[in-house]
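Chemist: My questions will all concern the structure given below.
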Amino acid sequence: DIFSEREDVNNMLSANISRLMKNNDRVSFNIKFANPKLTNNQTLYVLSSSLDNYDASTRNNEFIHDRRMLELSADYKKVIKPKVSEITLKGTFSQNRGQRFSFYEEDGEISQKSQGGGYPKNMTLQADHFVKFAKERLLESGLKFFYRGNDFKFETFDHNIQNGEWELNDFFSSDLYYQENIYSAYTNFGGGLGNGYSYKAGIRVEYSESELNIRKENERIEKYHFFPAPFLMFSKRLSDISNLDLVFSRRVTRPVYPQINPFVNMVDKSVYETGNRDLVPEEVSQAEVAYNYTKNGTSFMASLFLSHTGNFITQVSSLYDNDALMLTYVNGQKALKVGLDLNVRKKLTGFLTGSLSANGYFGETHGNESGM
């Protein structure tokens, strides 16, 4: 049996300043501070038995998560020629200071405690430009730089009941630094072809460089990744109330911190979790056919899609120390998915709208990890 009690407290302060200048130029600044705190208490009643014996125990776990978050953003829009050409500059910065304290108690005796946290940072610099030509043709282009990093240290201590001292548990402790720089550029061009046909085509390229510094093991891992992402869309306006779209796109999904952290985290007494320092990003290619219908406050959308994900990230488990499971993450070879999304929206009154959605898909995955 498991009994759990959770308490969430959050304090937040934000401010926004913006100014509209001549020629519709605009500048704005935003600041946000938050201090969320989560306390979670768990009591586990464990009963294990065999043919000739049984054992009962009680385990109490207390987790305290305390974070301080600062977010800053600024943007500037310059109208080069009204309704024809604009350029937008944007920058964002965020930094968190997170701490986690944990206490583990077995049958009334504190057996383990842990403390630590991280300092994740994100920064974005971006420039976007568009220019319109005759016959509703539009050229869009932009540059973007994105940085993310985290300095993370976590220590776990076991209580030695013989001498009463706390001893460092190196297996559950971690000390690492991670950073990644992502440089990207894109351009899109689109317009009408006549007879209700239109198109949009473009490409986005990304280059990333990352560093994982495992200080406890004096190991440094550097990775580099280049990803081209073409985009193509054809549209046909079937009538004044309906249209059909054909779309092909690509995107990349990078691993998050818990998935690459090589140190061990204890979920509970019999389940451990660790990341995989060798993970690489997922690469997703998707083709889609979409139909849209809108009339008198009623809309209907149907979308049929087929996607292929290379190097897909998945969680696997293995037996650890005879009576526990070790969870980790690996890259599979590929994942295929075909699906259908349906959505209906109806405006019932002036202030009430109803919606109904349904979706279904079929997927299969391919890969091999330790014979699985």
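By order in the structure tokens, chains are A, B, ...; within a chain, residues start at 1; ligands start at 1, following the order shown.
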Stretch 251-294 of chain A: which residues are helix (DSSP H, G or I) by DSSP, as an MDAnalysis selection string?
Modeler: chainID A and resid 257:260
Chemist: Residues as selected, N, CA, C and O atoms, written as a compact mmCIF listing (two decimals), in the first residue's frame, can you do that?
Modeler:
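Written output follows (again_17.txt):
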```txt
# COMPACT_ATOMS: atom_id res chain seq x y z
N TYR A 257 17.70 16.62 -19.96
CA TYR A 257 18.73 16.35 -18.95
C TYR A 257 18.59 14.97 -18.30
O TYR A 257 19.58 14.23 -18.21
N PRO A 258 17.41 14.58 -17.79
CA PRO A 258 17.34 13.26 -17.12
C PRO A 258 17.70 12.09 -18.04
O PRO A 258 18.13 11.04 -17.57
N GLN A 259 17.53 12.28 -19.36
CA GLN A 259 17.80 11.19 -20.29
C GLN A 259 19.29 11.00 -20.56
O GLN A 259 19.70 9.93 -21.03
N ILE A 260 20.11 12.03 -20.32
CA ILE A 260 21.54 11.90 -20.59
C ILE A 260 22.38 11.91 -19.32
O ILE A 260 23.59 11.68 -19.37
```
Chemist: Which of these, A:Thr253, A:Gln126, A:Thr294, A:Thr274, has the shortest distance to A:Gly310 once you count only C-alpha atoms?
Modeler: A:Thr253
Chemist: Could you pull out the strand (DSSP E or B) residues of stretch 137-288 of chain A, going by DSSP on the backbone, and write them as a VMD selection string?
Modeler: chain A and resid 138 to 159 166 to 168 174 to 194 197 to 214 219 to 239 242 to 253 264 to 268 271 to 274 282 to 288
Chemist: May I have a table of the residues of stretch 170-254 of chain A lying at most 9 Å from stretch 154-158 of chain A, giving each one's closest pair of atoms and their distance in Å to one decimal, counting only C-alpha atoms, ordered by chain and ascending residue number, as CSV?
Modeler:
```
residue,atom,partner,partner_atom,distance
A:Asp170,CA,A:Thr156,CA,7.3
A:Phe171,CA,A:Thr156,CA,8.3
A:Phe172,CA,A:Thr156,CA,5.8
A:Ser173,CA,A:Glu155,CA,4.5
A:Ser174,CA,A:Phe154,CA,5.1
A:Asp175,CA,A:Phe154,CA,6.4
```
Chemist: Between A:Asn276, A:Asn122, A:Thr187, A:Thr365, which has the minimum distance to A:Asn150 (counting only C-alpha atoms)?
Modeler: A:Asn122
Chemist: Please, which residues in stretch 255-344 of chain A fall within 12 Å of stretch 349-352 of chain A when counting only C-alpha atoms, and what is the closest atom pair and distance in Å to one decimal for each, ordered by chain then residue number, as CSV?
Modeler:
```
residue,atom,partner,partner_atom,distance
A:Asn296,CA,A:Thr349,CA,11.9
A:Gly297,CA,A:Thr349,CA,9.6
A:Thr298,CA,A:Thr349,CA,11.8
```
Chemist: Applying 7 Å and only C-alpha atoms, which residues near A:Phe145 remain after dropping the ones on its own chain fewer than 2 positions away? List them as a ChimeraX atom specification.
Modeler: /A:124-126,147,182-184
Chemist: Please save N, CA, C and O atoms of the selected residues as a PDB file, in the first residue's frame.
Modeler:
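Result written to again-v2.pdb:
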```
ATOM      1  N   THR A 124      18.335  32.798 -25.859  1.00  0.00           N
ATOM      2  CA  THR A 124      17.955  32.797 -27.274  1.00  0.00           C
ATOM      3  C   THR A 124      18.209  34.174 -27.871  1.00  0.00           C
ATOM      4  O   THR A 124      17.856  35.194 -27.271  1.00  0.00           O
ATOM      5  N   LEU A 125      18.812  34.206 -29.052  1.00  0.00           N
ATOM      6  CA  LEU A 125      18.939  35.412 -29.861  1.00  0.00           C
ATOM      7  C   LEU A 125      18.385  35.085 -31.245  1.00  0.00           C
ATOM      8  O   LEU A 125      18.788  34.089 -31.863  1.00  0.00           O
ATOM      9  N   GLN A 126      17.467  35.917 -31.725  1.00  0.00           N
ATOM     10  CA  GLN A 126      16.759  35.570 -32.958  1.00  0.00           C
ATOM     11  C   GLN A 126      16.483  36.810 -33.786  1.00  0.00           C
ATOM     12  O   GLN A 126      16.166  37.881 -33.256  1.00  0.00           O
ATOM     13  N   TYR A 147      21.091  28.629 -26.577  1.00  0.00           N
ATOM     14  CA  TYR A 147      22.037  28.028 -25.639  1.00  0.00           C
ATOM     15  C   TYR A 147      21.259  27.438 -24.468  1.00  0.00           C
ATOM     16  O   TYR A 147      20.306  28.037 -23.960  1.00  0.00           O
ATOM     17  N   ILE A 182      23.146  25.788 -30.219  1.00  0.00           N
ATOM     18  CA  ILE A 182      22.427  25.407 -31.434  1.00  0.00           C
ATOM     19  C   ILE A 182      22.337  26.633 -32.342  1.00  0.00           C
ATOM     20  O   ILE A 182      21.792  27.676 -31.936  1.00  0.00           O
ATOM     21  N   TYR A 183      22.865  26.513 -33.556  1.00  0.00           N
ATOM     22  CA  TYR A 183      22.828  27.585 -34.545  1.00  0.00           C
ATOM     23  C   TYR A 183      21.888  27.152 -35.671  1.00  0.00           C
ATOM     24  O   TYR A 183      22.023  26.037 -36.208  1.00  0.00           O
ATOM     25  N   SER A 184      20.944  28.006 -36.044  1.00  0.00           N
ATOM     26  CA  SER A 184      19.986  27.620 -37.082  1.00  0.00           C
ATOM     27  C   SER A 184      19.679  28.803 -37.992  1.00  0.00           C
ATOM     28  O   SER A 184      19.794  29.965 -37.596  1.00  0.00           O
TER      29      SER A 184
END
```
Chemist: Contacts of A:Glu222 at 9 Å or less, counting only C-alpha atoms, minus same-chain residues fewer than 2 places along, as a PyMOL selection string?
Modeler: chain A and resi 209-213+220+224
Chemist: Restricting the output to N, CA and C atoms, write the selected residues as an mmCIF file, in the first residue's frame.
Modeler:
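Result file selection-v3.cif:
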```cif
data_model
loop_
_atom_site.group_PDB
_atom_site.id
_atom_site.type_symbol
_atom_site.label_atom_id
_atom_site.label_comp_id
_atom_site.auth_asym_id
_atom_site.auth_seq_id
_atom_site.Cartn_x
_atom_site.Cartn_y
_atom_site.Cartn_z
ATOM 1 N N GLU A 209 26.448 21.872 -31.115
ATOM 2 C CA GLU A 209 27.637 21.338 -30.469
ATOM 3 C C GLU A 209 27.352 21.271 -28.973
ATOM 4 N N SER A 210 27.636 20.123 -28.375
ATOM 5 C CA SER A 210 27.310 19.916 -26.965
ATOM 6 C C SER A 210 28.515 19.356 -26.220
ATOM 7 N N GLU A 211 28.521 19.623 -24.922
ATOM 8 C CA GLU A 211 29.579 19.136 -24.048
ATOM 9 C C GLU A 211 28.966 18.588 -22.771
ATOM 10 N N LEU A 212 29.296 17.356 -22.440
ATOM 11 C CA LEU A 212 28.884 16.727 -21.191
ATOM 12 C C LEU A 212 30.145 16.472 -20.381
ATOM 13 N N ASN A 213 30.280 17.187 -19.264
ATOM 14 C CA ASN A 213 31.472 17.094 -18.424
ATOM 15 C C ASN A 213 31.103 16.346 -17.145
ATOM 16 N N ARG A 220 34.968 13.907 -20.290
ATOM 17 C CA ARG A 220 34.352 14.972 -21.078
ATOM 18 C C ARG A 220 33.944 14.412 -22.439
ATOM 19 N N TYR A 224 28.654 16.672 -31.995
ATOM 20 C CA TYR A 224 28.294 17.649 -33.015
ATOM 21 C C TYR A 224 27.210 17.032 -33.899
#
```
Chemist: If you measure from atom CA of A:Leu176 to atom CA of A:Ser102, what distance in Å do you get, rounded to one decimal?
Modeler: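 So the two atoms, atom CA of A:Leu176 and atom CA of A:Ser102, lie 19.6 Å apart.
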Chemist: Rounded to one decimal, what separation in Å do you get between atom CA of A:Glu7 and atom CA of A:Leu38?
Modeler: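 It comes out at 5.8 Å.
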Chemist: Would you mind telling me which residue in A:Ser141, A:Ser14, A:Ser57, A:Gln99 lies nearest to A:Thr39 when using only C-alpha atoms?
Modeler: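 Smallest separation from A:Thr39 among the options: A:Gln99.
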